[in-house]
$ cat start_33.txt   # compact mmCIF, N, CA and C atoms
# COMPACT_ATOMS: atom_id res chain seq x y z
N MET A 5 57.58 3.53 -59.95
CA MET A 5 56.43 3.09 -59.18
C MET A 5 56.12 4.14 -58.13
N ASN A 6 54.85 4.21 -57.76
CA ASN A 6 54.38 5.23 -56.84
C ASN A 6 53.38 4.61 -55.86
N ILE A 7 53.37 5.12 -54.64
CA ILE A 7 52.40 4.69 -53.64
C ILE A 7 51.48 5.86 -53.34
N ARG A 8 50.18 5.57 -53.32
CA ARG A 8 49.18 6.60 -53.01
C ARG A 8 48.04 5.97 -52.22
N GLU A 9 47.20 6.82 -51.66
CA GLU A 9 46.01 6.31 -50.98
C GLU A 9 45.03 5.77 -52.01
N ALA A 10 44.37 4.69 -51.67
CA ALA A 10 43.37 4.09 -52.56
C ALA A 10 42.12 4.95 -52.60
N THR A 11 41.44 4.89 -53.74
CA THR A 11 40.16 5.57 -53.91
C THR A 11 39.12 4.55 -54.39
N LEU A 12 37.89 5.00 -54.49
CA LEU A 12 36.84 4.11 -55.01
C LEU A 12 37.13 3.64 -56.43
N ASP A 13 37.89 4.43 -57.18
CA ASP A 13 38.27 4.02 -58.54
C ASP A 13 39.13 2.75 -58.52
N ASP A 14 39.75 2.45 -57.39
CA ASP A 14 40.60 1.26 -57.26
C ASP A 14 39.84 0.04 -56.78
N LEU A 15 38.55 0.18 -56.50
CA LEU A 15 37.76 -0.90 -55.91
C LEU A 15 37.84 -2.19 -56.71
N ASN A 16 37.65 -2.13 -58.01
CA ASN A 16 37.63 -3.35 -58.83
C ASN A 16 38.96 -4.08 -58.82
N VAL A 17 40.06 -3.35 -58.95
CA VAL A 17 41.37 -4.02 -58.99
C VAL A 17 41.74 -4.58 -57.63
N ILE A 18 41.40 -3.87 -56.54
CA ILE A 18 41.67 -4.41 -55.21
C ILE A 18 40.83 -5.67 -55.00
N THR A 19 39.57 -5.61 -55.38
CA THR A 19 38.70 -6.78 -55.25
C THR A 19 39.23 -7.96 -56.07
N SER A 20 39.75 -7.68 -57.26
CA SER A 20 40.28 -8.77 -58.09
C SER A 20 41.51 -9.41 -57.44
N MET A 21 42.29 -8.63 -56.70
CA MET A 21 43.47 -9.19 -56.02
C MET A 21 43.08 -9.99 -54.78
N GLU A 22 41.85 -9.87 -54.34
CA GLU A 22 41.37 -10.66 -53.20
C GLU A 22 41.46 -12.15 -53.48
N ASP A 23 41.48 -12.53 -54.76
CA ASP A 23 41.60 -13.94 -55.12
C ASP A 23 42.91 -14.56 -54.64
N LEU A 24 43.89 -13.72 -54.27
CA LEU A 24 45.15 -14.22 -53.74
C LEU A 24 45.01 -14.79 -52.33
N PHE A 25 43.89 -14.47 -51.66
CA PHE A 25 43.67 -14.91 -50.28
C PHE A 25 42.78 -16.14 -50.23
N LEU A 26 42.98 -16.98 -49.22
CA LEU A 26 42.11 -18.15 -49.04
C LEU A 26 40.71 -17.74 -48.61
N ALA A 27 40.61 -16.62 -47.90
CA ALA A 27 39.30 -16.10 -47.47
C ALA A 27 39.19 -14.66 -47.97
N PRO A 28 38.92 -14.48 -49.26
CA PRO A 28 38.91 -13.14 -49.84
C PRO A 28 37.76 -12.27 -49.33
N PHE A 29 38.02 -10.97 -49.26
CA PHE A 29 36.96 -10.00 -48.96
C PHE A 29 36.05 -9.90 -50.19
N SER A 30 34.78 -9.66 -49.95
CA SER A 30 33.86 -9.37 -51.04
C SER A 30 34.03 -7.92 -51.47
N GLU A 31 33.45 -7.57 -52.59
CA GLU A 31 33.50 -6.18 -53.05
C GLU A 31 32.89 -5.25 -52.00
N GLU A 32 31.81 -5.69 -51.35
CA GLU A 32 31.18 -4.88 -50.31
C GLU A 32 32.12 -4.65 -49.13
N GLN A 33 32.87 -5.68 -48.75
CA GLN A 33 33.82 -5.55 -47.64
C GLN A 33 34.97 -4.59 -48.00
N VAL A 34 35.47 -4.70 -49.22
CA VAL A 34 36.53 -3.79 -49.65
C VAL A 34 36.01 -2.36 -49.69
N LYS A 35 34.80 -2.18 -50.19
CA LYS A 35 34.20 -0.84 -50.24
C LYS A 35 34.04 -0.28 -48.83
N TYR A 36 33.63 -1.11 -47.89
CA TYR A 36 33.51 -0.68 -46.50
C TYR A 36 34.87 -0.19 -45.98
N GLU A 37 35.93 -0.94 -46.29
CA GLU A 37 37.27 -0.54 -45.86
C GLU A 37 37.66 0.81 -46.46
N LEU A 38 37.31 1.02 -47.72
CA LEU A 38 37.66 2.26 -48.41
C LEU A 38 36.85 3.47 -47.94
N VAL A 39 35.58 3.27 -47.66
CA VAL A 39 34.67 4.40 -47.47
C VAL A 39 34.18 4.58 -46.04
N GLU A 40 33.89 3.48 -45.36
CA GLU A 40 33.19 3.60 -44.08
C GLU A 40 34.01 3.30 -42.84
N ASN A 41 34.98 2.42 -42.93
CA ASN A 41 35.74 2.04 -41.74
C ASN A 41 36.63 3.20 -41.32
N PRO A 42 36.36 3.81 -40.17
CA PRO A 42 37.13 5.00 -39.77
C PRO A 42 38.58 4.68 -39.38
N THR A 43 38.89 3.43 -39.10
CA THR A 43 40.25 3.08 -38.71
C THR A 43 41.10 2.59 -39.87
N SER A 44 40.47 2.32 -41.02
CA SER A 44 41.16 1.72 -42.15
C SER A 44 41.89 2.74 -43.01
N LYS A 45 43.08 2.36 -43.45
CA LYS A 45 43.83 3.13 -44.44
C LYS A 45 44.31 2.12 -45.47
N ILE A 46 44.02 2.39 -46.73
CA ILE A 46 44.46 1.52 -47.81
C ILE A 46 45.39 2.31 -48.72
N LEU A 47 46.57 1.76 -48.94
CA LEU A 47 47.54 2.32 -49.87
C LEU A 47 47.67 1.38 -51.05
N VAL A 48 47.88 1.95 -52.23
CA VAL A 48 48.13 1.14 -53.42
C VAL A 48 49.45 1.53 -54.04
N MET A 49 50.11 0.54 -54.62
CA MET A 49 51.32 0.77 -55.41
C MET A 49 50.90 0.71 -56.87
N VAL A 50 51.30 1.72 -57.63
CA VAL A 50 50.99 1.74 -59.06
C VAL A 50 52.29 1.72 -59.85
N ASN A 51 52.24 1.08 -61.02
CA ASN A 51 53.41 1.02 -61.88
C ASN A 51 53.45 2.23 -62.81
N GLU A 52 54.37 2.21 -63.75
CA GLU A 52 54.56 3.34 -64.67
C GLU A 52 53.32 3.61 -65.53
N GLU A 53 52.50 2.59 -65.75
CA GLU A 53 51.27 2.75 -66.54
C GLU A 53 50.07 3.12 -65.66
N ASN A 54 50.35 3.43 -64.38
CA ASN A 54 49.33 3.80 -63.39
C ASN A 54 48.38 2.64 -63.08
N GLU A 55 48.87 1.41 -63.27
CA GLU A 55 48.11 0.21 -62.94
C GLU A 55 48.42 -0.18 -61.50
N VAL A 56 47.38 -0.48 -60.72
CA VAL A 56 47.58 -0.92 -59.34
C VAL A 56 48.17 -2.33 -59.36
N ILE A 57 49.31 -2.48 -58.69
CA ILE A 57 49.99 -3.78 -58.68
C ILE A 57 50.06 -4.38 -57.28
N GLY A 58 49.66 -3.61 -56.28
CA GLY A 58 49.67 -4.12 -54.91
C GLY A 58 48.95 -3.16 -53.99
N PHE A 59 48.56 -3.67 -52.82
CA PHE A 59 47.91 -2.81 -51.84
C PHE A 59 48.18 -3.32 -50.43
N ILE A 60 48.01 -2.40 -49.48
CA ILE A 60 48.05 -2.75 -48.07
C ILE A 60 46.86 -2.06 -47.40
N ASP A 61 46.17 -2.80 -46.58
CA ASP A 61 45.04 -2.30 -45.79
C ASP A 61 45.45 -2.47 -44.34
N PHE A 62 45.56 -1.34 -43.62
CA PHE A 62 45.89 -1.43 -42.20
C PHE A 62 44.96 -0.55 -41.40
N TRP A 63 44.78 -0.92 -40.15
CA TRP A 63 43.87 -0.22 -39.26
C TRP A 63 44.66 0.48 -38.17
N ILE A 64 44.37 1.75 -37.95
CA ILE A 64 45.00 2.52 -36.89
C ILE A 64 43.97 2.71 -35.78
N THR A 65 44.31 2.23 -34.60
CA THR A 65 43.44 2.42 -33.43
C THR A 65 44.29 2.95 -32.28
N PHE A 66 44.17 4.25 -32.08
CA PHE A 66 44.91 4.95 -31.03
C PHE A 66 46.41 4.80 -31.26
N ASP A 67 47.13 4.14 -30.32
CA ASP A 67 48.58 4.05 -30.45
C ASP A 67 49.04 2.73 -31.05
N SER A 68 48.12 1.98 -31.64
CA SER A 68 48.50 0.72 -32.28
C SER A 68 47.89 0.63 -33.67
N ALA A 69 48.45 -0.26 -34.46
CA ALA A 69 47.93 -0.50 -35.81
C ALA A 69 48.05 -1.99 -36.11
N THR A 70 47.21 -2.44 -37.02
CA THR A 70 47.18 -3.84 -37.42
C THR A 70 47.10 -3.93 -38.94
N ILE A 71 47.91 -4.80 -39.51
CA ILE A 71 47.79 -5.07 -40.94
C ILE A 71 46.60 -5.98 -41.13
N CYS A 72 45.65 -5.51 -41.91
CA CYS A 72 44.48 -6.32 -42.24
C CYS A 72 44.80 -7.22 -43.43
N GLN A 73 45.32 -6.61 -44.49
CA GLN A 73 45.67 -7.37 -45.69
C GLN A 73 46.81 -6.68 -46.42
N ILE A 74 47.60 -7.47 -47.08
CA ILE A 74 48.61 -6.95 -48.00
C ILE A 74 48.67 -7.93 -49.16
N ALA A 75 48.64 -7.42 -50.38
CA ALA A 75 48.66 -8.29 -51.56
C ALA A 75 49.42 -7.62 -52.69
N VAL A 76 50.09 -8.44 -53.48
CA VAL A 76 50.82 -7.99 -54.66
C VAL A 76 50.44 -8.93 -55.80
N LYS A 77 50.14 -8.36 -56.95
CA LYS A 77 49.84 -9.20 -58.12
C LYS A 77 50.98 -10.17 -58.35
N LYS A 78 50.62 -11.38 -58.76
CA LYS A 78 51.61 -12.46 -58.90
C LYS A 78 52.82 -12.06 -59.75
N GLU A 79 52.58 -11.37 -60.86
CA GLU A 79 53.69 -11.03 -61.75
C GLU A 79 54.63 -9.97 -61.17
N TYR A 80 54.25 -9.35 -60.05
CA TYR A 80 55.09 -8.35 -59.40
C TYR A 80 55.63 -8.82 -58.05
N GLN A 81 55.33 -10.05 -57.67
CA GLN A 81 55.81 -10.56 -56.39
C GLN A 81 57.32 -10.76 -56.43
N ASN A 82 57.94 -10.68 -55.25
CA ASN A 82 59.39 -10.84 -55.09
C ASN A 82 60.18 -9.75 -55.80
N GLN A 83 59.58 -8.56 -55.93
CA GLN A 83 60.26 -7.42 -56.55
C GLN A 83 60.31 -6.22 -55.59
N GLY A 84 60.01 -6.45 -54.31
CA GLY A 84 60.11 -5.39 -53.32
C GLY A 84 58.85 -4.56 -53.13
N VAL A 85 57.77 -4.91 -53.81
CA VAL A 85 56.53 -4.12 -53.71
C VAL A 85 55.97 -4.16 -52.29
N ALA A 86 55.88 -5.34 -51.70
CA ALA A 86 55.34 -5.45 -50.34
C ALA A 86 56.22 -4.68 -49.35
N THR A 87 57.52 -4.77 -49.52
CA THR A 87 58.44 -4.04 -48.64
C THR A 87 58.19 -2.53 -48.74
N MET A 88 58.04 -2.03 -49.96
CA MET A 88 57.79 -0.60 -50.15
C MET A 88 56.46 -0.18 -49.52
N LEU A 89 55.43 -1.00 -49.69
CA LEU A 89 54.13 -0.70 -49.08
C LEU A 89 54.24 -0.68 -47.55
N LEU A 90 54.92 -1.66 -47.00
CA LEU A 90 55.09 -1.72 -45.54
C LEU A 90 55.90 -0.52 -45.04
N ASN A 91 56.98 -0.18 -45.74
CA ASN A 91 57.79 0.97 -45.32
C ASN A 91 56.99 2.27 -45.36
N LYS A 92 56.14 2.42 -46.36
CA LYS A 92 55.29 3.61 -46.43
C LYS A 92 54.30 3.62 -45.26
N SER A 93 53.76 2.45 -44.92
CA SER A 93 52.85 2.39 -43.78
C SER A 93 53.59 2.75 -42.49
N PHE A 94 54.85 2.34 -42.35
CA PHE A 94 55.64 2.70 -41.16
C PHE A 94 55.73 4.22 -41.04
N GLU A 95 56.01 4.90 -42.16
CA GLU A 95 56.10 6.37 -42.15
C GLU A 95 54.81 7.01 -41.65
N ILE A 96 53.70 6.54 -42.19
CA ILE A 96 52.38 7.09 -41.81
C ILE A 96 52.12 6.84 -40.33
N LEU A 97 52.41 5.64 -39.87
CA LEU A 97 52.14 5.29 -38.48
C LEU A 97 52.99 6.12 -37.52
N LYS A 98 54.24 6.34 -37.85
CA LYS A 98 55.10 7.15 -37.00
C LYS A 98 54.59 8.59 -36.92
N LYS A 99 54.11 9.13 -38.04
CA LYS A 99 53.55 10.49 -38.05
C LYS A 99 52.29 10.58 -37.20
N ASN A 100 51.61 9.44 -37.03
CA ASN A 100 50.38 9.39 -36.23
C ASN A 100 50.64 8.90 -34.80
N ASP A 101 51.90 8.91 -34.39
CA ASP A 101 52.29 8.52 -33.03
C ASP A 101 51.87 7.10 -32.65
N VAL A 102 51.84 6.21 -33.64
CA VAL A 102 51.53 4.81 -33.37
C VAL A 102 52.79 4.16 -32.78
N LEU A 103 52.61 3.40 -31.71
CA LEU A 103 53.74 2.81 -31.00
C LEU A 103 54.07 1.39 -31.44
N PHE A 104 53.04 0.63 -31.85
CA PHE A 104 53.32 -0.74 -32.30
C PHE A 104 52.37 -1.17 -33.38
N TYR A 105 52.86 -2.13 -34.18
CA TYR A 105 52.20 -2.61 -35.39
C TYR A 105 52.09 -4.13 -35.24
N THR A 106 50.92 -4.69 -35.50
CA THR A 106 50.72 -6.12 -35.35
C THR A 106 50.18 -6.73 -36.64
N LEU A 107 50.26 -8.05 -36.71
CA LEU A 107 49.72 -8.79 -37.86
C LEU A 107 49.60 -10.25 -37.50
N GLU A 108 48.83 -10.97 -38.28
CA GLU A 108 48.81 -12.43 -38.26
C GLU A 108 49.25 -12.90 -39.63
N VAL A 109 50.06 -13.95 -39.64
CA VAL A 109 50.50 -14.54 -40.89
C VAL A 109 50.33 -16.06 -40.77
N ARG A 110 49.91 -16.68 -41.85
CA ARG A 110 49.76 -18.14 -41.83
C ARG A 110 51.10 -18.79 -41.48
N GLU A 111 51.04 -19.77 -40.62
CA GLU A 111 52.25 -20.45 -40.14
C GLU A 111 53.10 -20.99 -41.29
N HIS A 112 52.47 -21.43 -42.37
CA HIS A 112 53.20 -22.04 -43.47
C HIS A 112 53.55 -21.06 -44.59
N ASN A 113 53.24 -19.78 -44.39
CA ASN A 113 53.58 -18.77 -45.39
C ASN A 113 54.99 -18.25 -45.09
N GLU A 114 55.98 -19.08 -45.43
CA GLU A 114 57.36 -18.79 -45.07
C GLU A 114 57.89 -17.51 -45.69
N SER A 115 57.53 -17.22 -46.95
CA SER A 115 58.06 -16.02 -47.58
C SER A 115 57.54 -14.76 -46.89
N ALA A 116 56.26 -14.74 -46.54
CA ALA A 116 55.71 -13.58 -45.83
C ALA A 116 56.33 -13.46 -44.44
N TYR A 117 56.45 -14.59 -43.75
CA TYR A 117 57.05 -14.58 -42.42
C TYR A 117 58.47 -14.01 -42.47
N LYS A 118 59.27 -14.46 -43.42
CA LYS A 118 60.64 -13.97 -43.56
C LYS A 118 60.67 -12.47 -43.87
N LEU A 119 59.75 -12.01 -44.70
CA LEU A 119 59.66 -10.58 -45.00
C LEU A 119 59.40 -9.79 -43.72
N TYR A 120 58.41 -10.22 -42.95
CA TYR A 120 58.06 -9.50 -41.72
C TYR A 120 59.23 -9.49 -40.74
N VAL A 121 59.90 -10.62 -40.59
CA VAL A 121 61.06 -10.67 -39.69
C VAL A 121 62.15 -9.71 -40.18
N SER A 122 62.38 -9.66 -41.49
CA SER A 122 63.42 -8.78 -42.04
C SER A 122 63.11 -7.31 -41.79
N LEU A 123 61.83 -6.99 -41.59
CA LEU A 123 61.42 -5.60 -41.34
C LEU A 123 61.24 -5.31 -39.85
N GLY A 124 61.63 -6.25 -39.01
CA GLY A 124 61.63 -5.98 -37.57
C GLY A 124 60.46 -6.52 -36.78
N PHE A 125 59.55 -7.25 -37.43
CA PHE A 125 58.45 -7.86 -36.68
C PHE A 125 58.99 -9.07 -35.92
N LYS A 126 58.44 -9.29 -34.73
CA LYS A 126 58.86 -10.43 -33.91
C LYS A 126 57.65 -11.30 -33.59
N LYS A 127 57.89 -12.60 -33.57
CA LYS A 127 56.82 -13.55 -33.22
C LYS A 127 56.44 -13.36 -31.76
N VAL A 128 55.14 -13.26 -31.50
CA VAL A 128 54.63 -13.11 -30.15
C VAL A 128 54.04 -14.44 -29.67
N VAL A 129 53.16 -15.02 -30.49
CA VAL A 129 52.48 -16.25 -30.09
C VAL A 129 51.93 -16.95 -31.34
N LEU A 130 51.74 -18.25 -31.22
CA LEU A 130 51.09 -19.03 -32.27
C LEU A 130 49.61 -19.14 -31.92
N LYS A 131 48.74 -18.72 -32.85
CA LYS A 131 47.30 -18.85 -32.64
C LYS A 131 46.86 -20.11 -33.39
N GLU A 132 46.55 -21.13 -32.61
CA GLU A 132 46.20 -22.41 -33.22
C GLU A 132 44.81 -22.36 -33.86
N ARG A 133 44.73 -22.97 -35.06
CA ARG A 133 43.47 -23.08 -35.81
C ARG A 133 42.78 -21.72 -35.95
N TYR A 134 43.55 -20.68 -36.20
CA TYR A 134 43.06 -19.30 -36.28
C TYR A 134 42.21 -19.07 -37.53
N TYR A 135 42.64 -19.64 -38.64
CA TYR A 135 41.95 -19.40 -39.91
C TYR A 135 40.82 -20.41 -40.12
N SER A 136 39.86 -20.04 -40.97
CA SER A 136 38.67 -20.86 -41.18
C SER A 136 38.99 -22.26 -41.69
N ASN A 137 40.12 -22.44 -42.37
CA ASN A 137 40.49 -23.77 -42.87
C ASN A 137 41.30 -24.56 -41.86
N GLY A 138 41.47 -24.01 -40.65
CA GLY A 138 42.20 -24.71 -39.60
C GLY A 138 43.68 -24.37 -39.51
N ASP A 139 44.19 -23.56 -40.42
CA ASP A 139 45.60 -23.17 -40.37
C ASP A 139 45.89 -22.37 -39.10
N ASN A 140 47.09 -22.53 -38.61
CA ASN A 140 47.57 -21.73 -37.48
C ASN A 140 48.06 -20.38 -37.99
N ALA A 141 48.02 -19.38 -37.12
CA ALA A 141 48.54 -18.05 -37.43
C ALA A 141 49.66 -17.72 -36.46
N ILE A 142 50.68 -17.06 -36.99
CA ILE A 142 51.71 -16.51 -36.14
C ILE A 142 51.36 -15.04 -35.92
N TYR A 143 51.17 -14.67 -34.65
CA TYR A 143 50.88 -13.28 -34.30
C TYR A 143 52.22 -12.59 -34.11
N MET A 144 52.42 -11.47 -34.82
CA MET A 144 53.70 -10.77 -34.80
C MET A 144 53.49 -9.30 -34.41
N MET A 145 54.56 -8.69 -33.89
CA MET A 145 54.49 -7.30 -33.46
C MET A 145 55.81 -6.60 -33.76
N LYS A 146 55.70 -5.31 -34.04
CA LYS A 146 56.88 -4.46 -34.29
C LYS A 146 56.68 -3.15 -33.53
N GLY A 147 57.67 -2.75 -32.76
CA GLY A 147 57.66 -1.45 -32.11
C GLY A 147 58.04 -0.38 -33.10
N LEU A 148 57.41 0.80 -33.01
CA LEU A 148 57.66 1.87 -33.97
C LEU A 148 58.26 3.13 -33.35
N ASN A 149 58.63 3.09 -32.08
CA ASN A 149 59.14 4.32 -31.45
C ASN A 149 60.56 4.63 -31.79
$ encode --input "start_33.txt" --output "structure tokens"
Amino acid sequence: MNIREATLDDLNVITSMEDLFLAPFSEEQVKYELVENPTSKILVMVNEENEVIGFIDFWITFDSATICQIAVKKEYQNQGVATMLLNKSFEILKKNDVLFYTLEVREHNESAYKLYVSLGFKKVVLKERYYSNGDNAIYMMKGLN
């Protein structure tokens, strides 16, 4: 498996993985992230057949970064793909002198929460009714120095 920066050629597969989210990005929103958003960086994980099996979209703003989205195709979940994508993002952020990394995770998404904790993210605060369906979000942060 290999991690590389996403290109416009990956637009369709990234958009198709948006179905994993309760509030998926449209194709136009994904394209904006790929082409126009100056703070966005999207990495994709590809398998041996060069098929995209996961991606991470994160935003770098000065000395901080935020995970916008991370997704792994269902058949590749729980195989370390998200961990590898996150670890690669850590490398990039450290090279860019980013000091801290933040994210929001649904309060009831226990597997994602456990993953983030295992990688050094710490709970900062609970954001009540953060998501459009009324779910709470756990705001998390990780120092990168």
$ select_by_dssp --input "start_33.txt" --residues "stretch 68-102 of chain A" --states "alpha helix (DSSP H)" --output "number ranges by chain"
A: 85-99
$ closest_residue --input "start_33.txt" --among "A:Asn113, A:Ile74, A:Leu24, A:Ser68" --to "A:Met145" --atoms "only C-alpha atoms"
A:Ser68
$ atom_distance --input "start_33.txt" --atom1 "atom CA of A:Ile18" --atom2 "atom CA of A:Gly124"
26.7 Å
$ select_by_dssp --input "start_33.txt" --residues "chain A" --states "strand (DSSP E or B)" --output "MDAnalysis selection string"
chainID A and resid 6:9 44:50 56:65 68:76 104:110 126:131 141:147
$ closest_residue --input "start_33.txt" --among "A:Met21, A:Met49, A:Phe125, A:Phe29" --to "A:Lys78" --atoms "all atoms listed in the file"
A:Met21
$ atom_distance --input "start_33.txt" --atom1 "atom CA of A:Gly84" --atom2 "atom CA of A:Ser122"
12.2 Å
$ residues_near_point --input "start_33.txt" --point "(38.0, -3.8, -54.4)" --cutoff "8 Å" --atoms "only N, CA and C atoms" --output "list in words"
Leu12, Asp13, Asp14, Leu15, Asn16, Val17, Ile18, Thr19, Ser20, Met21, Glu22, Phe29, Ser30, Glu31, Glu32, Gln33, Val34 and Lys35 of chain A
$ atom_distance --input "start_33.txt" --atom1 "atom N of A:Lys45" --atom2 "atom N of A:Asp61"
6.8 Å
$ residues_near_point --input "start_33.txt" --point "(46.8, -0.2, -46.6)" --cutoff "7 Å" --atoms "all atoms listed in the file" --output "list in words"
Ser44, Lys45, Ile46, Leu47, Val48, Phe59, Ile60, Asp61, Phe62, Trp63 and Gln73 of chain A
$ residues_around --input "start_33.txt" --residues "A:Ser136" --least-positions-apart "2" --cutoff "12 Å" --atoms "only C-alpha atoms" --output "list in words"
Phe25, Leu26, Ala27, Pro28, Arg110, Glu132, Arg133, Tyr134, Gly138, Asp139, Asn140 and Ala141 of chain A
$ write_last_selection --input "start_33.txt" --atoms "N, CA and C atoms" --output "PDB file, in the coordinates of the input"
ATOM      1  N   PHE A  25      43.890 -14.470 -51.660  1.00  0.00           N
ATOM      2  CA  PHE A  25      43.670 -14.910 -50.280  1.00  0.00           C
ATOM      3  C   PHE A  25      42.780 -16.140 -50.230  1.00  0.00           C
ATOM      4  N   LEU A  26      42.980 -16.980 -49.220  1.00  0.00           N
ATOM      5  CA  LEU A  26      42.110 -18.150 -49.040  1.00  0.00           C
ATOM      6  C   LEU A  26      40.710 -17.740 -48.610  1.00  0.00           C
ATOM      7  N   ALA A  27      40.610 -16.620 -47.900  1.00  0.00           N
ATOM      8  CA  ALA A  27      39.300 -16.100 -47.470  1.00  0.00           C
ATOM      9  C   ALA A  27      39.190 -14.660 -47.970  1.00  0.00           C
ATOM     10  N   PRO A  28      38.920 -14.480 -49.260  1.00  0.00           N
ATOM     11  CA  PRO A  28      38.910 -13.140 -49.840  1.00  0.00           C
ATOM     12  C   PRO A  28      37.760 -12.270 -49.330  1.00  0.00           C
ATOM     13  N   ARG A 110      49.910 -16.680 -41.850  1.00  0.00           N
ATOM     14  CA  ARG A 110      49.760 -18.140 -41.830  1.00  0.00           C
ATOM     15  C   ARG A 110      51.100 -18.790 -41.480  1.00  0.00           C
ATOM     16  N   GLU A 132      46.550 -21.130 -32.610  1.00  0.00           N
ATOM     17  CA  GLU A 132      46.200 -22.410 -33.220  1.00  0.00           C
ATOM     18  C   GLU A 132      44.810 -22.360 -33.860  1.00  0.00           C
ATOM     19  N   ARG A 133      44.730 -22.970 -35.060  1.00  0.00           N
ATOM     20  CA  ARG A 133      43.470 -23.080 -35.810  1.00  0.00           C
ATOM     21  C   ARG A 133      42.780 -21.720 -35.950  1.00  0.00           C
ATOM     22  N   TYR A 134      43.550 -20.680 -36.200  1.00  0.00           N
ATOM     23  CA  TYR A 134      43.060 -19.300 -36.280  1.00  0.00           C
ATOM     24  C   TYR A 134      42.210 -19.070 -37.530  1.00  0.00           C
ATOM     25  N   GLY A 138      41.470 -24.010 -40.650  1.00  0.00           N
ATOM     26  CA  GLY A 138      42.200 -24.710 -39.600  1.00  0.00           C
ATOM     27  C   GLY A 138      43.680 -24.370 -39.510  1.00  0.00           C
ATOM     28  N   ASP A 139      44.190 -23.560 -40.420  1.00  0.00           N
ATOM     29  CA  ASP A 139      45.600 -23.170 -40.370  1.00  0.00           C
ATOM     30  C   ASP A 139      45.890 -22.370 -39.100  1.00  0.00           C
ATOM     31  N   ASN A 140      47.090 -22.530 -38.610  1.00  0.00           N
ATOM     32  CA  ASN A 140      47.570 -21.730 -37.480  1.00  0.00           C
ATOM     33  C   ASN A 140      48.060 -20.380 -37.990  1.00  0.00           C
ATOM     34  N   ALA A 141      48.020 -19.380 -37.120  1.00  0.00           N
ATOM     35  CA  ALA A 141      48.540 -18.050 -37.430  1.00  0.00           C
ATOM     36  C   ALA A 141      49.660 -17.720 -36.460  1.00  0.00           C
TER      37      ALA A 141
END
$ closest_residue --input "start_33.txt" --among "A:Leu38, A:Ile71, A:Ile7, A:Val50" --to "A:Tyr105" --atoms "all atoms listed in the file"
A:Ile71
$ closest_residue --input "start_33.txt" --among "A:Met88, A:Leu130, A:Ile96, A:Ile57" --to "A:Met144" --atoms "all atoms listed in the file"
A:Leu130
$ residues_around --input "start_33.txt" --residues "A:Ala86" --least-positions-apart "2" --cutoff "10 Å" --atoms "only C-alpha atoms" --output "VMD selection string"
chain A and resid 49 58 to 60 74 to 76 80 to 84 88 to 92 116 119 to 120
$ closest_residue --input "start_33.txt" --among "A:Leu123, A:Leu107, A:Val102, A:Val129" --to "A:Leu148" --atoms "only N, CA and C atoms"
A:Val102
$ closest_residue --input "start_33.txt" --among "A:Tyr143, A:Phe66, A:Tyr135, A:Thr11" --to "A:Tyr117" --atoms "only C-alpha atoms"
A:Tyr143
$ decode --input "start_33.txt" --residues "stretch 15-41 of chain A" --atoms "C-alpha atoms" --output "mmCIF file, in the first residue's frame"
data_model
loop_
_atom_site.group_PDB
_atom_site.id
_atom_site.type_symbol
_atom_site.label_atom_id
_atom_site.label_comp_id
_atom_site.auth_asym_id
_atom_site.auth_seq_id
_atom_site.Cartn_x
_atom_site.Cartn_y
_atom_site.Cartn_z
ATOM 1 C CA LEU A 15 -12.328 12.966 -7.420
ATOM 2 C CA ASN A 16 -14.897 10.264 -8.234
ATOM 3 C CA VAL A 17 -13.608 7.688 -5.749
ATOM 4 C CA ILE A 18 -13.263 10.264 -2.955
ATOM 5 C CA THR A 19 -16.783 11.495 -3.690
ATOM 6 C CA SER A 20 -18.081 7.906 -3.626
ATOM 7 C CA MET A 21 -16.550 7.412 -0.161
ATOM 8 C CA GLU A 22 -18.456 10.478 1.057
ATOM 9 C CA ASP A 23 -21.411 8.110 1.488
ATOM 10 C CA LEU A 24 -19.674 6.901 4.670
ATOM 11 C CA PHE A 25 -20.520 10.257 6.309
ATOM 12 C CA LEU A 26 -23.889 11.374 7.660
ATOM 13 C CA ALA A 27 -23.332 14.768 6.005
ATOM 14 C CA PRO A 28 -21.335 13.927 2.867
ATOM 15 C CA PHE A 29 -19.522 16.527 0.783
ATOM 16 C CA SER A 30 -20.838 17.017 -2.733
ATOM 17 C CA GLU A 31 -18.573 16.480 -5.730
ATOM 18 C CA GLU A 32 -18.241 20.272 -5.984
ATOM 19 C CA GLN A 33 -17.113 20.510 -2.350
ATOM 20 C CA VAL A 34 -14.533 17.746 -2.806
ATOM 21 C CA LYS A 35 -13.269 19.432 -5.975
ATOM 22 C CA TYR A 36 -12.955 22.717 -4.066
ATOM 23 C CA GLU A 37 -10.857 20.925 -1.429
ATOM 24 C CA LEU A 38 -8.632 19.426 -4.134
ATOM 25 C CA VAL A 39 -8.177 22.479 -6.347
ATOM 26 C CA GLU A 40 -9.131 25.748 -4.701
ATOM 27 C CA ASN A 41 -8.854 25.577 -0.916
#
